[in-house]
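Shown below: upload20.txt, with compact mmCIF, C-alpha atoms.
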```
# COMPACT_ATOMS: atom_id res chain seq x y z
CA MET R 1 21.70 57.86 -36.96
CA ALA R 2 19.80 59.10 -39.96
CA ASP R 3 16.02 59.03 -39.83
CA GLY R 4 15.86 56.53 -42.72
CA LYS R 5 18.13 54.10 -40.87
CA ARG R 6 16.18 54.50 -37.64
CA PHE R 7 12.97 53.80 -39.48
CA TYR R 8 14.53 50.70 -41.05
CA VAL R 9 15.63 49.34 -37.62
CA LEU R 10 12.17 50.05 -36.23
CA ILE R 11 10.54 48.15 -39.08
CA ILE R 12 12.78 45.11 -38.49
CA ILE R 13 12.09 45.09 -34.74
CA SER R 14 8.35 45.43 -35.36
CA VAL R 15 8.35 42.56 -37.86
CA VAL R 16 10.26 40.31 -35.43
CA ILE R 17 7.85 41.13 -32.59
CA ILE R 18 4.78 40.58 -34.77
CA PHE R 19 6.12 37.20 -35.98
CA ALA R 20 6.98 36.20 -32.42
CA ILE R 21 3.47 37.02 -31.25
CA ILE R 22 1.84 35.17 -34.14
CA ALA R 23 4.12 32.14 -33.61
CA ASN R 24 3.37 32.12 -29.92
CA ASN R 25 -0.36 32.26 -30.55
CA LEU R 26 -0.18 29.51 -33.12
CA PHE R 27 2.05 27.04 -31.29
CA GLU R 28 1.51 27.91 -27.66
CA ASN R 29 -0.88 25.08 -26.90
CA ARG R 30 0.94 22.59 -29.05
CA PHE R 31 4.47 22.85 -27.73
CA SER R 32 4.93 25.29 -24.96
CA GLU R 33 3.07 23.40 -22.22
CA GLU R 34 4.80 20.15 -23.06
CA ILE R 35 8.21 21.74 -23.26
CA THR R 36 7.74 23.67 -20.01
CA SER R 37 6.53 20.58 -18.25
CA TYR R 38 9.45 18.55 -19.63
CA ILE R 39 11.96 21.15 -18.54
CA GLN R 40 10.43 21.24 -15.06
CA ARG R 41 10.54 17.46 -14.77
CA PHE R 42 14.09 17.28 -16.10
CA TYR R 43 15.20 20.02 -13.72
CA HIS R 44 13.47 18.35 -10.76
CA TYR R 45 15.10 15.02 -11.54
CA GLU R 46 18.61 16.40 -12.08
CA MET R 47 18.59 18.97 -9.30
CA VAL R 48 16.46 17.31 -6.62
CA ILE R 49 16.01 13.56 -7.09
CA SER R 50 19.55 12.80 -8.27
CA LYS R 51 21.12 15.00 -5.63
CA LYS R 52 19.16 13.21 -2.90
CA GLY R 53 21.08 10.08 -3.89
CA LEU R 54 18.05 8.15 -5.09
CA SER R 55 19.50 5.70 -7.57
CA LEU R 56 17.47 4.17 -10.37
CA HIS R 57 16.56 0.51 -10.30
CA ARG R 58 14.97 -0.97 -13.37
CA ALA R 59 11.31 -1.67 -12.69
CA VAL R 60 9.42 -4.71 -13.85
CA TYR R 61 6.06 -4.83 -15.60
CA TRP R 62 5.98 -2.07 -18.11
CA ARG R 63 5.45 -1.85 -21.79
CA GLU R 64 6.15 0.76 -24.42
CA GLU R 65 3.33 3.07 -25.38
CA ARG R 66 3.61 3.14 -29.20
CA MET U 1 9.17 7.76 -25.32
CA LYS U 2 6.19 7.11 -23.06
CA VAL U 3 5.86 4.00 -20.93
CA ARG U 4 2.91 2.45 -19.21
CA CYS U 5 3.46 1.14 -15.70
CA GLU U 6 1.56 -2.10 -15.29
CA LEU U 7 2.09 -2.61 -11.60
CA CYS U 8 -1.17 -1.28 -10.19
CA PRO U 9 -4.61 -0.83 -11.76
CA THR U 10 -4.03 2.90 -12.24
CA GLU U 11 -1.60 2.00 -15.06
CA CYS U 12 0.00 5.45 -15.34
CA VAL U 13 1.30 6.42 -18.76
CA LEU U 14 4.47 8.37 -18.12
CA GLY U 15 6.34 10.80 -20.33
CA GLU U 16 10.09 11.34 -20.09
CA TYR U 17 11.16 12.16 -16.50
CA GLU U 18 7.56 11.83 -15.36
CA VAL U 19 6.87 10.20 -11.99
CA GLY U 20 3.82 7.97 -11.49
CA GLY U 21 0.91 8.62 -9.15
CA CYS U 22 2.70 6.43 -6.59
CA LYS U 23 5.50 9.06 -6.55
CA VAL U 24 8.26 6.48 -6.75
CA ARG U 25 8.37 5.18 -10.33
CA ILE U 26 9.90 7.29 -13.06
CA ASN U 27 10.32 7.08 -16.82
CA LYS U 28 13.85 7.93 -17.90
CA GLY U 29 14.88 7.33 -21.46
CA GLY U 30 11.78 5.24 -22.17
CA VAL U 31 12.56 2.83 -19.33
CA LEU U 32 10.63 2.61 -16.08
CA TYR U 33 12.69 2.80 -12.90
CA SER U 34 12.00 2.51 -9.20
CA LEU U 35 13.41 5.33 -7.10
CA VAL U 36 13.13 3.51 -3.79
CA TYR U 37 14.86 0.19 -4.33
CA GLY U 38 16.84 -0.55 -1.17
CA LYS U 39 15.92 2.84 0.30
CA PRO U 40 13.44 2.31 3.15
CA CYS U 41 12.31 5.35 5.08
CA ALA U 42 10.91 3.25 7.93
CA VAL U 43 12.60 0.24 9.51
CA ALA U 44 11.37 -1.21 12.80
CA ILE U 45 10.80 -4.40 14.73
CA ASP U 46 7.17 -4.89 15.68
CA PRO U 47 5.06 -7.63 17.20
CA ILE U 48 3.30 -9.43 14.33
CA GLU U 49 0.00 -8.55 16.05
CA LYS U 50 0.56 -4.90 15.15
CA LYS U 51 0.18 -5.59 11.41
CA PRO U 52 -2.39 -7.03 12.41
CA PHE U 53 -1.88 -10.77 12.00
CA PHE U 54 -3.70 -12.77 14.67
CA HIS U 55 -3.52 -16.20 13.07
CA PHE U 56 0.05 -16.10 11.84
CA LEU U 57 2.90 -17.04 14.17
CA PRO U 58 1.45 -15.25 17.21
CA GLY U 59 3.98 -13.55 19.43
CA SER U 60 6.69 -13.43 16.78
CA ARG U 61 8.76 -10.37 15.93
CA ALA U 62 8.39 -8.86 12.50
CA PHE U 63 11.22 -6.96 10.85
CA SER U 64 9.16 -4.23 9.19
CA ILE U 65 10.17 -2.00 6.31
CA ALA U 66 8.56 0.66 4.15
CA THR U 67 9.58 3.17 1.53
CA ALA U 68 7.87 6.43 0.63
CA GLY U 69 4.87 6.41 -1.71
CA CYS U 70 1.47 4.85 -2.15
CA VAL U 71 -0.79 3.78 -5.01
CA LEU U 72 -3.82 5.34 -3.31
CA GLY U 73 -4.40 8.68 -1.62
CA CYS U 74 -6.72 7.83 1.27
CA LYS U 75 -7.91 10.91 3.11
CA PHE U 76 -7.76 9.05 6.43
CA CYS U 77 -4.24 7.64 6.02
CA GLN U 78 -2.57 7.05 9.39
CA ASN U 79 0.92 7.11 7.85
CA TRP U 80 0.41 9.94 5.40
CA GLN U 81 3.69 11.61 6.36
CA ILE U 82 5.54 8.88 4.46
CA SER U 83 2.86 7.33 2.24
CA GLN U 84 1.93 10.61 0.62
CA ALA U 85 5.49 11.89 0.44
CA ARG U 86 7.88 11.81 -2.48
CA PRO U 87 11.03 9.79 -1.86
CA GLU U 88 13.13 12.95 -2.13
CA GLU U 89 11.12 14.49 0.71
CA VAL U 90 11.86 11.86 3.34
CA ASP U 91 14.97 10.56 5.05
CA TYR U 92 15.92 7.06 4.06
CA GLN U 93 18.67 4.57 4.69
CA ASP U 94 20.52 2.32 2.28
CA LEU U 95 19.38 -1.19 3.06
CA PRO U 96 19.70 -3.66 0.19
CA PRO U 97 17.55 -6.82 0.26
CA ALA U 98 20.33 -9.02 1.65
CA ASP U 99 20.83 -6.58 4.52
CA VAL U 100 17.12 -6.66 5.37
CA VAL U 101 17.34 -10.44 5.72
CA ARG U 102 20.59 -10.13 7.69
CA GLY U 103 18.89 -7.62 9.98
CA ALA U 104 15.92 -9.92 10.51
CA ILE U 105 18.19 -12.81 11.44
CA PHE U 106 20.38 -10.63 13.68
CA TYR U 107 17.40 -9.33 15.65
CA GLY U 108 15.73 -12.73 15.93
CA CYS U 109 12.77 -11.96 13.69
CA ARG U 110 11.03 -14.94 12.13
CA VAL U 111 9.08 -12.70 9.81
CA ILE U 112 9.77 -9.81 7.47
CA THR U 113 6.78 -7.53 6.94
CA TYR U 114 6.36 -5.03 4.12
CA THR U 115 4.07 -2.48 5.71
CA TYR U 116 3.40 1.10 6.92
CA THR U 117 3.01 2.45 3.37
CA GLU U 118 1.77 0.44 0.39
CA PRO U 119 4.36 -2.26 -0.41
CA THR U 120 3.20 -2.47 -4.02
CA VAL U 121 5.11 0.74 -4.75
CA PHE U 122 8.42 -0.89 -3.80
CA TYR U 123 7.53 -4.11 -5.57
CA GLU U 124 11.02 -4.91 -6.92
CA TYR U 125 12.62 -4.31 -3.53
CA MET U 126 9.98 -6.41 -1.76
CA TYR U 127 10.23 -9.19 -4.35
CA ASP U 128 14.02 -9.49 -4.15
CA THR U 129 13.96 -9.34 -0.35
CA ALA U 130 11.22 -11.96 -0.15
CA LEU U 131 13.19 -14.28 -2.41
CA ILE U 132 16.30 -14.10 -0.22
CA ALA U 133 14.25 -14.34 2.98
CA LYS U 134 12.46 -17.45 1.78
CA ARG U 135 15.80 -19.15 1.09
CA ALA U 136 16.96 -18.17 4.58
CA GLY U 137 13.85 -19.70 6.16
CA ILE U 138 12.25 -16.40 7.10
CA LYS U 139 8.56 -15.83 6.41
CA ASN U 140 7.32 -12.92 4.33
CA THR U 141 4.16 -11.00 5.06
CA MET U 142 2.70 -7.77 3.80
CA HIS U 143 0.06 -5.31 4.84
CA THR U 144 -1.41 -4.04 1.62
CA CYS U 145 -4.35 -2.14 0.23
CA GLY U 146 -4.55 -4.84 -2.44
CA TYR U 147 -4.36 -2.34 -5.29
CA ILE U 148 -2.11 -4.35 -7.58
CA ASN U 149 -2.46 -6.00 -10.96
CA GLU U 150 -2.86 -9.73 -11.32
CA ARG U 151 0.45 -10.58 -13.01
CA PRO U 152 2.79 -8.98 -10.48
CA LEU U 153 0.62 -10.25 -7.61
CA ARG U 154 0.76 -13.87 -8.76
CA GLU U 155 4.51 -13.59 -9.23
CA LEU U 156 4.91 -12.16 -5.72
CA SER U 157 2.61 -14.75 -4.15
CA LYS U 158 5.22 -17.45 -4.74
CA TYR U 159 7.29 -15.91 -1.95
CA MET U 160 4.62 -14.32 0.22
CA ASP U 161 3.43 -16.36 3.20
CA ALA U 162 0.69 -14.07 4.46
CA ALA U 163 -1.09 -10.88 3.54
CA ASP U 164 -3.26 -8.53 5.53
CA VAL U 165 -5.42 -6.67 3.05
CA ASP U 166 -7.14 -3.40 3.86
CA LEU U 167 -10.67 -3.71 2.58
CA LYS U 168 -11.45 -0.07 3.16
CA ALA U 169 -15.16 -0.20 2.37
CA PHE U 170 -17.57 -2.14 0.22
CA THR U 171 -18.63 0.56 -2.23
CA GLU U 172 -17.00 1.87 -5.38
CA ASP U 173 -18.12 5.33 -4.32
CA PHE U 174 -16.01 5.25 -1.15
CA TYR U 175 -12.95 4.07 -3.04
CA ALA U 176 -13.40 6.78 -5.68
CA ARG U 177 -14.15 9.69 -3.33
CA ILE U 178 -12.02 8.89 -0.31
CA CYS U 179 -9.15 6.79 -1.67
CA GLY U 180 -8.80 7.70 -5.34
CA GLY U 181 -9.07 4.07 -6.43
CA ARG U 182 -11.52 1.29 -7.22
CA LEU U 183 -12.98 -1.55 -5.18
CA ARG U 184 -13.07 -4.22 -7.90
CA PRO U 185 -9.27 -4.66 -8.19
CA VAL U 186 -9.04 -5.09 -4.40
CA LEU U 187 -11.63 -7.86 -4.46
CA ASN U 188 -9.69 -9.49 -7.31
CA THR U 189 -6.54 -9.34 -5.19
CA LEU U 190 -8.31 -11.08 -2.31
CA ASN U 191 -9.49 -13.86 -4.62
CA ILE U 192 -6.03 -14.28 -6.16
CA LEU U 193 -4.29 -14.42 -2.77
CA LYS U 194 -6.75 -17.09 -1.68
CA GLU U 195 -6.15 -19.05 -4.90
CA GLU U 196 -2.39 -18.80 -4.50
CA GLY U 197 -2.56 -20.19 -0.98
CA VAL U 198 -1.32 -17.06 0.80
CA TRP U 199 -2.62 -16.84 4.37
CA LEU U 200 -5.11 -14.01 4.38
CA GLU U 201 -6.43 -11.61 7.00
CA ILE U 202 -8.57 -8.57 6.29
CA THR U 203 -8.67 -5.20 8.01
CA ASN U 204 -11.57 -2.79 7.75
CA LEU U 205 -11.13 0.67 9.23
CA VAL U 206 -14.57 1.78 10.34
CA ILE U 207 -14.98 5.52 9.78
CA PRO U 208 -18.02 7.28 11.25
CA THR U 209 -20.51 8.41 8.58
CA LEU U 210 -18.37 7.18 5.68
CA ASN U 211 -18.36 3.38 5.85
CA ASP U 212 -20.20 2.45 9.05
CA ASP U 213 -23.47 1.46 7.36
CA MET U 214 -24.26 -1.98 8.80
CA ARG U 215 -26.04 -3.06 5.62
CA LYS U 216 -22.84 -2.53 3.65
CA ILE U 217 -20.77 -4.18 6.36
CA LYS U 218 -23.07 -7.19 6.19
CA GLU U 219 -22.74 -7.26 2.40
CA MET U 220 -18.96 -7.16 2.76
CA CYS U 221 -18.95 -9.98 5.32
CA LEU U 222 -21.18 -12.15 3.14
CA TRP U 223 -18.85 -11.55 0.19
CA ILE U 224 -15.87 -12.57 2.33
CA LYS U 225 -17.64 -15.70 3.53
CA ASP U 226 -18.81 -16.73 0.06
CA ASN U 227 -15.58 -15.98 -1.76
CA LEU U 228 -12.82 -16.48 0.76
CA GLY U 229 -14.44 -18.69 3.37
CA PRO U 230 -15.63 -18.17 6.94
CA ASP U 231 -12.18 -18.73 8.45
CA VAL U 232 -10.56 -15.55 7.13
CA PRO U 233 -9.93 -13.35 10.18
CA LEU U 234 -11.54 -9.94 9.90
CA HIS U 235 -10.25 -6.99 11.93
CA PHE U 236 -12.54 -4.00 12.46
CA SER U 237 -10.21 -1.18 13.28
CA ARG U 238 -11.04 2.01 15.15
CA PHE U 239 -10.60 5.23 13.20
CA PHE U 240 -8.84 8.23 14.69
CA PRO U 241 -8.99 11.66 13.03
CA ASN U 242 -5.97 12.11 10.83
CA TYR U 243 -4.62 13.68 7.63
CA LYS U 244 -7.58 15.12 5.67
CA LEU U 245 -10.32 13.67 7.87
CA LYS U 246 -9.68 15.53 11.09
CA ASN U 247 -13.27 16.73 11.15
CA LEU U 248 -14.65 13.30 12.03
CA PRO U 249 -14.75 11.83 15.55
CA PRO U 250 -13.06 8.55 16.53
CA THR U 251 -15.22 5.49 15.88
CA PRO U 252 -17.52 4.82 18.87
CA LEU U 253 -17.03 1.46 20.53
CA GLU U 254 -20.72 0.64 19.97
CA THR U 255 -20.25 0.89 16.21
CA LEU U 256 -17.33 -1.50 16.30
CA LEU U 257 -19.20 -3.97 18.49
CA LYS U 258 -22.18 -3.78 16.15
CA ALA U 259 -19.95 -4.38 13.14
CA ARG U 260 -18.42 -7.39 14.86
CA GLU U 261 -21.83 -8.78 15.68
CA THR U 262 -22.93 -8.26 12.08
CA ALA U 263 -19.87 -10.14 10.83
CA LEU U 264 -20.41 -13.02 13.25
CA ASP U 265 -24.07 -13.19 12.23
CA ALA U 266 -22.99 -13.32 8.60
CA GLY U 267 -21.03 -16.46 9.38
CA LEU U 268 -17.45 -15.26 9.82
CA ARG U 269 -15.77 -17.17 12.62
CA PHE U 270 -12.87 -14.92 13.62
CA VAL U 271 -13.78 -11.28 13.98
CA TYR U 272 -11.63 -8.86 15.95
CA ILE U 273 -11.74 -5.25 17.02
CA GLY U 274 -8.52 -3.26 16.84
CA ASN U 275 -7.12 0.09 17.98
CA ILE U 276 -9.14 -0.19 21.20
CA ARG U 277 -8.91 -2.55 24.15
CA THR U 278 -11.84 -4.97 24.33
CA GLU U 279 -12.58 -8.64 24.78
CA ALA U 280 -12.73 -8.80 21.00
CA GLU U 281 -8.94 -8.73 20.75
CA HIS U 282 -8.72 -12.36 21.90
CA THR U 283 -9.08 -15.47 19.77
CA TYR U 284 -11.85 -17.85 20.82
CA CYS U 285 -12.26 -21.47 19.82
CA PRO U 286 -15.08 -21.66 17.27
CA SER U 287 -15.98 -25.06 18.66
CA CYS U 288 -15.86 -24.90 22.50
CA LYS U 289 -15.84 -21.05 22.66
CA ARG U 290 -13.01 -20.97 25.19
CA ARG U 291 -10.27 -18.40 24.96
CA LEU U 292 -7.42 -19.65 22.80
CA ILE U 293 -5.14 -16.65 22.54
CA GLY U 294 -5.36 -13.92 25.16
CA ARG U 295 -3.96 -10.59 23.99
CA GLU U 296 -3.22 -7.32 25.66
CA GLY U 297 -2.79 -4.83 22.88
CA TYR U 298 -0.08 -6.27 20.69
CA PHE U 299 1.15 -8.72 23.28
CA ILE U 300 0.25 -12.34 23.90
CA ARG U 301 -0.74 -13.20 27.47
CA GLU U 302 -1.82 -16.80 26.87
CA ASN U 303 -1.75 -19.24 23.99
CA ASN U 304 -3.84 -22.37 24.12
CA ILE U 305 -3.25 -23.51 20.56
CA MET U 306 -1.14 -26.64 20.29
CA ASN U 307 -0.15 -27.97 16.88
CA GLY U 308 -2.89 -25.91 15.29
CA ARG U 309 -5.58 -27.28 17.59
CA CYS U 310 -7.54 -26.06 20.56
CA ARG U 311 -5.88 -27.32 23.74
CA PHE U 312 -9.30 -27.90 25.34
CA CYS U 313 -11.43 -29.57 22.66
CA ARG U 314 -8.83 -30.47 20.01
CA ALA U 315 -10.73 -28.61 17.32
CA SER U 316 -8.59 -27.45 14.43
CA VAL U 317 -7.94 -23.70 14.33
CA PRO U 318 -7.16 -22.18 10.94
CA GLY U 319 -3.90 -20.26 10.68
CA ILE U 320 -0.13 -20.63 10.45
CA TRP U 321 0.92 -21.48 13.96
CA SER U 322 4.48 -22.75 13.62
```

Would you write out, as C-alpha cells, the structure that this file holds?
Amino acid sequence: MADGKRFYVLIIISVVIIFAIIANNLFENRFSEEITSYIQRFYHYEMVISKKGLSLHRAVYWREER
Amino acid sequence: MKVRCELCPTECVLGEYEVGGCKVRINKGGVLYSLVYGKPCAVAIDPIEKKPFFHFLPGSRAFSIATAGCVLGCKFCQNWQISQARPEEVDYQDLPPADVVRGAIFYGCRVITYTYTEPTVFYEYMYDTALIAKRAGIKNTMHTCGYINERPLRELSKYMDAADVDLKAFTEDFYARICGGRLRPVLNTLNILKEEGVWLEITNLVIPTLNDDMRKIKEMCLWIKDNLGPDVPLHFSRFFPNYKLKNLPPTPLETLLKARETALDAGLRFVYIGNIRTEAEHTYCPSCKRRLIGREGYFIRENNIMNGRCRFCRASVPGIWS
C-alpha cells in the first residue's frame, strides 16, 4: 500500500475514533445507563424469569405515569 | 411506558421490565403484572394459634399459603429466605385459587391464612382465593405488616374475616431504619380494618435495644386502646436473632412480662406473650379472671368459652368463636 493511501486510512480511523469518543462523552449519561439497565432487565426477564415458568397475571391498582 | 404500582405506600414507578421493591410485580409493555399469581412457595396446614390468632376459631386448622416477596425489608425477618427472595430464586408449586380452596376443604381446614411472607405482594392471588373461599364457607385470615394502600385494603376487607397485623414498633425511626417503611400507613391500615369490621389482632415483636422502650410500648398500647378499643388482642412476641440482626440476644422474659404489664396497665384486656412458654399464653376472663382458654404452645388444652361467653360468669368475650 502506498504511503498516501495508508495515511488516508489512518486519517479516517482517527476521525471515527475521535467522533466515537466525543459522542460517548456527550451522551453517556443521557442514554447509556438507561439502555444498559433496560438490556439487563430485558435479558433477566427473558432468560431467567420466563424460563422459570413464572407466568404474568395482570395486576390491579396501577396507573400510567404520563 | 412507566407505570406506578398503587398497591402499597411505596408506590414504585417502574420502567419497562422493571420489578418493584416487592420483587414480584413487573412492568411489561406498560402494564403491571404479578409474577406470583397461583405460585405459592410455601403451603402448609397450621394451627390458627400459630398465626397468631387467639380469639378467632381457636383450635381450628388453617390452610396457609405464601409466595416469595415482601413490601418491607425488615432486618429481623424470621422468614427472610422467602420474603426477601425473588420469585425466580425459590421453588414454587402451581396452585390456582380454586385448588387452594379445594385443598382447604380436603384437609378439613375451616380457615385459609395468607401468611409467612407479606400477603399484600400476592394481592390478586389472595383476593381471588378469598372470594372463592368465602362462597365455599371457608374463612379468610391474613398475617400482614399492614403496609398497603387504602383502596386495595378496603376492597380486600369485603372477603377478609380476620387480620393479624404486625405493629413492629411505635416510631417512624424504627420503621425507616430497620424495616425500610413508614409507621403512619400501618396505623391507617389498623383503623381501616377496624372500620371495615375485620376481626383484628396485633403482634409486636419485642427486640432488645431497638423497640423495648416501655415508654414507647405504653404509647403504642394507649393508641391501640383509644383507636381500636381495649378488646383488640395484643401479642408480644419474643425475638430470636435472625437475618441481619444476629448480633442481638433473644428477648429476655422479664422484658416481655414488663411489656405485658404495661399494656394491661394501659387498659388493654387481652395481652399475650408468644414464642416462649408462660402463663401469658392463656386467655383469661376479663370479668371473673378465670382461665378461659388454656394453651400449650399452639395447642388448645381447655376451652371454657361457650357461645362467646365465659362458662363461669357468662361475661361476653370478644372474638369470633364459631

Using only C-alpha atoms and a cut-off of 6 Å, which residues of chain U sit close to chain R? Please list them as a list in words.
Lys2, Val3, Arg4, Cys5, Glu6, Tyr17, Leu32, Tyr33, Ser34, Leu35 and Glu88 of chain U

What lies within 7 Å of U:Ala42 using only C-alpha atoms, ignoring chain neighbours under 2 positions off, as a ChimeraX atom specification?
/U:40,44,65-67

Atom pair atom CA of U:Arg295 + atom CA of U:Gly274, distance 11.2 Å
